[in-house]
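Visitor: First the structure, then my questions, so here it is.
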Amino acid sequence: MKLKLAAALLAGAALAASPSGMARPVAPAAAPALPSRMQLMASMERVADWQLTHLDDLSYMPAARPSTKRARDWQQATFWVALTHLADRSSSVRYKDAIFSKGREEGWKLGDRLYHADDHIIGAAWIWAARKGAGAAALAPMRASFDRILAAPKTNDLHFVAPEPGAGDPGCTTRWCWCDALFMAPPTLWALSKDTRDGRYASFADKEYRATTDYLFDKGAHLYFRDSRFFDQRGAHGEKLFWSRGNGWVFSGLARMIPEIPAKDPRRPYYIKLFKEMAAKLVTLQRGNGYWPPSLLADPDRSQDESSGTGFYVHGMAWGIKAGLLDRKTYLPAVTKGWAALEHAVQPNGMLGWVQQVSDRPDVVKAEDAQFYGTGAYLLAGAAVYDLTR
């Protein structure tokens with residue numbers, strides 16, 4: 001299926017040619033005003049409704065894996081977790097009903113791989129459901145899984161070695177040896193610790209998070225390498241390779257995790273400091289049209305538009321402003337330009353395009369590329385921007 005961007009989407013964007021010759025939407029150079037709450041809600045609901053009607057029909061996603069159809073897989077689970085943010089703000093009960101129905105269908109379980117962080121993200125949606133009336137029954141299966149992990153935690157190093165095709169997951173992924181994991185598992189563990197008053201989950205998350213950060217965070221660049229394979233790799237102009245969505249996973253994950261950490265917890269300042277460091281760097285890397293490039297340090301004039309990383313950055317910055325952690329004057333222009341760019345990436349039918357497909361590094365992006373996690377990033381961003389309009 002080959003979709004084309006309409007000549008005018010929600011904000012009337014024009015099409016321009018990228019350096020590669022690919023058509024792409026161009027957001028205004030100047031930061032627009034924030035949309036109204038009514039406009040934001042209409043946009044979020046339109047995109048969410050389109051995704052809900054395409055849970056099983058993946059014909060729009062030619063490169064979809066068999067796992068993409070599984071709600072507890074990280075690709076789809078990111079959407080379900082983000083949908084809780086819309087459900088908290090929408091006057092419609094259809095989003096809450098969809099989450100509860102999916103949770104009951106899945107037996108409130110985590111993914112099938114016990115130690116793999118990608119299979120832990122769905123737990124955040126089940127915790128939300130527990131808070132909204134599903135009760136302790138929605139927590140029991142994940143508690144059992146995490147208790148098994150805590151009883152026999154892995155101690156392997158974080159060195160990432162890609163396996164041969166068909167050989168399964170890299171050995172190090174029994175721990176958080178890739179930066180995406182910091183979005184997937186830690187917010188779930190901190191939230192579970194908060195709701196169960198069992199400090200073991202938070203202690204484990206804190207220990208592992210710091211180990212991953214000590215290993216993958218470049219203190220000079222204030223960005224994360226995706227994994228150890230990229231320590232010595234360089235881009236076309238000698239720049240370090242910092243993947244946009246990889247850092248987006250971390251940044252958005254912090255915005256989801258910090259609210260779950262008690263205000264007086266002595267560990268909280270560590271995460272706030274890290275969040276601010278990343279924000280200060282990321283705000284300087286936004287392109288003039290509102291998008292962040294797939295490779296963060298690449299030449300912005302030769303980069304493609306990419307909506308999933310952009311969505312995660314808009315989410316984190318909008319949340320940070322609302323939480324009083326980021327200066328409004330400094331970051332609001334980036335948020336408004338970023339949201340306008342995301343709106344321009346929405347296809348006329350409500351599908352979010354320009355989402356880089358499943359990967360572990362910067363890659364080619366096309367207008368018709370869509371994915372569950374892209375919709376998730378969009379909904380997280382929209383909910384955070386919505387809160388700024390209050």
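FYI, nothing fancy with the structure tokens labels: chains A, B, ... in order, residues from 1 per chain, ligands from 1 as they appear.
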Would you give me, as JSON lines, each residue of range 51-113 of chain A having an atom within 10 Å of an atom of range 380-389 of chain A, along with its shortest atom pair and that distance in Å to one decimal, using only C-alpha atoms and sorting by chain and residue number?
Guide:
{"residue": "A:Thr78", "atom": "CA", "partner": "A:Leu380", "partner_atom": "CA", "distance": 9.8}
{"residue": "A:Phe79", "atom": "CA", "partner": "A:Leu380", "partner_atom": "CA", "distance": 9.2}
{"residue": "A:Val81", "atom": "CA", "partner": "A:Leu380", "partner_atom": "CA", "distance": 8.9}
{"residue": "A:Ala82", "atom": "CA", "partner": "A:Leu380", "partner_atom": "CA", "distance": 5.5}
{"residue": "A:Leu83", "atom": "CA", "partner": "A:Leu380", "partner_atom": "CA", "distance": 8.0}
{"residue": "A:Thr84", "atom": "CA", "partner": "A:Leu380", "partner_atom": "CA", "distance": 9.2}
{"residue": "A:His85", "atom": "CA", "partner": "A:Ala383", "partner_atom": "CA", "distance": 6.1}
{"residue": "A:Leu86", "atom": "CA", "partner": "A:Ala383", "partner_atom": "CA", "distance": 6.2}
{"residue": "A:Ala87", "atom": "CA", "partner": "A:Ala383", "partner_atom": "CA", "distance": 9.6}
{"residue": "A:Asp88", "atom": "CA", "partner": "A:Ala383", "partner_atom": "CA", "distance": 8.9}
{"residue": "A:Arg89", "atom": "CA", "partner": "A:Ala383", "partner_atom": "CA", "distance": 7.5}
{"residue": "A:Ser90", "atom": "CA", "partner": "A:Ala383", "partner_atom": "CA", "distance": 9.7}
Visitor: May I have all residues of range 104-306 of chain A that DSSP, computed from the backbone, assigns to strand (DSSP E), given as a PyMOL selection string?
Guide: chain A and resi 217-218+223-224
Visitor: When you look at range 288-298 of chain A with a cut-off of 8 Å (counting only C-alpha atoms), what residues show up, excluding the ones that are within fewer than 2 positions of it in the same chain? I need them as JSON, numbers by chain.
Guide: {"A": [26, 27, 28, 29, 235, 236, 237, 239, 240, 241, 242, 243, 244, 245, 285, 286, 300, 302, 303, 304, 305, 306, 307, 309, 310, 334, 337, 338, 339, 340, 341, 342, 361, 362, 363]}
Visitor: Give the answer as one residue: which of A:Ser91, A:Leu58, A:Gly103, A:Gly311 has the shortest atom-to-atom distance to Met41 in chain A, using only C-alpha atoms?
Guide: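 Nearest to Met41 in chain A: A:Ser91.
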Visitor: Looking at A:Trp178, A:Trp108, A:Trp190, A:Trp128, which one is nearest to Ser145 in chain A, with distances taken over only C-alpha atoms?
Guide: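 Checking each of A:Trp178, A:Trp108, A:Trp190, A:Trp128 against Ser145 in chain A, counting only C-alpha atoms, the winner is A:Trp108.
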Visitor: Quick one: residues within 12 Å of range 322-331 of chain A, only C-alpha atoms counted, chain neighbours fewer than 4 positions away excluded, as an MDAnalysis selection string?
Guide: chainID A and resid 31 255:256 258:259 269 271:284 286 313:318 335:338 383:390
Visitor: If you keep N, CA and C atoms, can you produce a file of those selected residues as an mmCIF file, in the first residue's frame?
Guide:
data_model
loop_
_atom_site.group_PDB
_atom_site.id
_atom_site.type_symbol
_atom_site.label_atom_id
_atom_site.label_comp_id
_atom_site.auth_asym_id
_atom_site.auth_seq_id
_atom_site.Cartn_x
_atom_site.Cartn_y
_atom_site.Cartn_z
ATOM 1 N N ALA A 31 7.800 28.834 15.809
ATOM 2 C CA ALA A 31 6.982 28.002 16.686
ATOM 3 C C ALA A 31 5.545 28.502 16.683
ATOM 4 N N ALA A 255 10.160 10.592 31.845
ATOM 5 C CA ALA A 255 8.945 11.368 32.090
ATOM 6 C C ALA A 255 7.818 10.491 32.611
ATOM 7 N N ARG A 256 7.826 9.220 32.284
ATOM 8 C CA ARG A 256 6.845 8.292 32.822
ATOM 9 C C ARG A 256 7.251 7.772 34.198
ATOM 10 N N ILE A 258 9.589 9.210 36.628
ATOM 11 C CA ILE A 258 9.795 10.143 37.740
ATOM 12 C C ILE A 258 8.515 10.370 38.542
ATOM 13 N N PRO A 259 7.337 10.489 37.906
ATOM 14 C CA PRO A 259 6.118 10.649 38.717
ATOM 15 C C PRO A 259 5.811 9.476 39.638
ATOM 16 N N PRO A 269 16.385 12.674 42.896
ATOM 17 C CA PRO A 269 17.212 13.712 42.260
ATOM 18 C C PRO A 269 18.137 13.186 41.164
ATOM 19 N N TYR A 271 17.489 10.983 38.899
ATOM 20 C CA TYR A 271 16.735 10.886 37.652
ATOM 21 C C TYR A 271 16.335 12.263 37.128
ATOM 22 N N ILE A 272 16.046 13.177 38.033
ATOM 23 C CA ILE A 272 15.727 14.542 37.604
ATOM 24 C C ILE A 272 16.943 15.188 36.954
ATOM 25 N N LYS A 273 18.099 14.989 37.533
ATOM 26 C CA LYS A 273 19.328 15.544 36.960
ATOM 27 C C LYS A 273 19.583 14.962 35.575
ATOM 28 N N LEU A 274 19.412 13.655 35.432
ATOM 29 C CA LEU A 274 19.618 13.003 34.149
ATOM 30 C C LEU A 274 18.617 13.530 33.117
ATOM 31 N N PHE A 275 17.376 13.678 33.521
ATOM 32 C CA PHE A 275 16.333 14.188 32.628
ATOM 33 C C PHE A 275 16.679 15.596 32.138
ATOM 34 N N LYS A 276 17.116 16.452 33.042
ATOM 35 C CA LYS A 276 17.462 17.824 32.668
ATOM 36 C C LYS A 276 18.676 17.866 31.748
ATOM 37 N N GLU A 277 19.657 17.012 32.010
ATOM 38 C CA GLU A 277 20.839 16.963 31.151
ATOM 39 C C GLU A 277 20.457 16.589 29.731
ATOM 40 N N MET A 278 19.635 15.566 29.599
ATOM 41 C CA MET A 278 19.219 15.145 28.273
ATOM 42 C C MET A 278 18.403 16.225 27.582
ATOM 43 N N ALA A 279 17.496 16.843 28.320
ATOM 44 C CA ALA A 279 16.646 17.879 27.735
ATOM 45 C C ALA A 279 17.477 19.033 27.193
ATOM 46 N N ALA A 280 18.465 19.462 27.966
ATOM 47 C CA ALA A 280 19.299 20.590 27.551
ATOM 48 C C ALA A 280 20.043 20.289 26.259
ATOM 49 N N LYS A 281 20.429 19.047 26.063
ATOM 50 C CA LYS A 281 21.097 18.671 24.824
ATOM 51 C C LYS A 281 20.097 18.519 23.687
ATOM 52 N N LEU A 282 18.995 17.828 23.959
ATOM 53 C CA LEU A 282 18.034 17.515 22.912
ATOM 54 C C LEU A 282 17.394 18.754 22.311
ATOM 55 N N VAL A 283 17.159 19.766 23.121
ATOM 56 C CA VAL A 283 16.499 20.960 22.602
ATOM 57 C C VAL A 283 17.361 21.660 21.561
ATOM 58 N N THR A 284 18.657 21.433 21.599
ATOM 59 C CA THR A 284 19.562 22.050 20.620
ATOM 60 C C THR A 284 19.628 21.263 19.315
ATOM 61 N N GLN A 286 16.905 19.842 17.658
ATOM 62 C CA GLN A 286 15.678 19.858 16.870
ATOM 63 C C GLN A 286 15.912 20.582 15.549
ATOM 64 N N TYR A 313 10.242 12.998 22.353
ATOM 65 C CA TYR A 313 10.857 14.222 22.860
ATOM 66 C C TYR A 313 9.804 15.267 23.218
ATOM 67 N N VAL A 314 8.782 15.388 22.397
ATOM 68 C CA VAL A 314 7.699 16.321 22.723
ATOM 69 C C VAL A 314 7.027 15.908 24.027
ATOM 70 N N HIS A 315 6.818 14.610 24.197
ATOM 71 C CA HIS A 315 6.235 14.129 25.453
ATOM 72 C C HIS A 315 7.082 14.539 26.647
ATOM 73 N N GLY A 316 8.376 14.209 26.583
ATOM 74 C CA GLY A 316 9.234 14.494 27.722
ATOM 75 C C GLY A 316 9.332 15.975 28.028
ATOM 76 N N MET A 317 9.496 16.801 27.000
ATOM 77 C CA MET A 317 9.653 18.238 27.240
ATOM 78 C C MET A 317 8.360 18.871 27.730
ATOM 79 N N ALA A 318 7.224 18.479 27.161
ATOM 80 C CA ALA A 318 5.953 19.032 27.626
ATOM 81 C C ALA A 318 5.684 18.619 29.066
ATOM 82 N N VAL A 335 8.445 22.360 21.978
ATOM 83 C CA VAL A 335 7.243 21.548 22.110
ATOM 84 C C VAL A 335 6.215 21.919 21.041
ATOM 85 N N THR A 336 5.967 23.210 20.863
ATOM 86 C CA THR A 336 4.950 23.617 19.903
ATOM 87 C C THR A 336 5.361 23.277 18.466
ATOM 88 N N LYS A 337 6.628 23.488 18.141
ATOM 89 C CA LYS A 337 7.109 23.120 16.804
ATOM 90 C C LYS A 337 7.086 21.606 16.613
ATOM 91 N N GLY A 338 7.461 20.881 17.664
ATOM 92 C CA GLY A 338 7.454 19.430 17.578
ATOM 93 C C GLY A 338 6.055 18.871 17.408
ATOM 94 N N ALA A 383 -0.987 13.943 25.060
ATOM 95 C CA ALA A 383 -1.504 14.053 26.432
ATOM 96 C C ALA A 383 -0.708 15.072 27.231
ATOM 97 N N ALA A 384 0.611 15.083 27.056
ATOM 98 C CA ALA A 384 1.455 16.036 27.790
ATOM 99 C C ALA A 384 1.220 17.469 27.308
ATOM 100 N N VAL A 385 1.066 17.645 25.997
ATOM 101 C CA VAL A 385 0.770 18.987 25.469
ATOM 102 C C VAL A 385 -0.618 19.425 25.935
ATOM 103 N N TYR A 386 -1.565 18.505 25.959
ATOM 104 C CA TYR A 386 -2.906 18.789 26.467
ATOM 105 C C TYR A 386 -2.850 19.359 27.886
ATOM 106 N N ASP A 387 -2.006 18.761 28.711
ATOM 107 C CA ASP A 387 -1.894 19.240 30.094
ATOM 108 C C ASP A 387 -1.324 20.647 30.151
ATOM 109 N N LEU A 388 -0.486 21.021 29.182
ATOM 110 C CA LEU A 388 0.080 22.368 29.175
ATOM 111 C C LEU A 388 -0.954 23.430 28.874
ATOM 112 N N THR A 389 -2.059 23.041 28.233
ATOM 113 C CA THR A 389 -3.080 24.020 27.867
ATOM 114 C C THR A 389 -4.032 24.321 29.011
ATOM 115 N N ARG A 390 -3.901 23.599 30.098
ATOM 116 C CA ARG A 390 -4.815 23.797 31.219
ATOM 117 C C ARG A 390 -4.446 25.065 31.978
#
Visitor: Point out the residue among A:Asn349, A:Ser101, A:Asn156, A:Thr375 with the least atom-to-atom distance to Ala134 in chain A, counting only C-alpha atoms.
Guide: A:Ser101
Visitor: Could you check how far CA of Arg287 in chain A sits from CA of Trp74 in chain A, in Å to one decimal?
Guide: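 Rounded to one decimal, the two atoms are 28.1 Å apart.
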Visitor: Applying 9 Å and only C-alpha atoms, which residues near Ala124 in chain A remain after dropping the ones on its own chain fewer than 6 positions away? List them as a PyMOL selection string.
Guide: chain A and resi 80-81+184-185+187-189+191-192
Visitor: Got a sec: who's within 9 Å of Thr212 in chain A, counting only C-alpha atoms, leaving out chain neighbours fewer than 3 positions off, as a list in words?
Guide: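 That gives Leu158, Arg175, Trp176, Cys177, Trp178, Cys179, Leu182, Lys207, Glu208, Tyr209, Tyr215, Leu216 and Phe217 of chain A.
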Visitor: Find the distance between CA of Tyr373 in chain A and CA of Gln75 in chain A and write it in Å to one decimal.
Guide: 5.4 Å
Visitor: Taking only C-alpha atoms into account, name the residue in A:Gly171, A:Phe204, A:Val161, A:Arg210 that is nearest to Arg229 in chain A.
Guide: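 Closest to Arg229 in chain A of all the choices is A:Val161.
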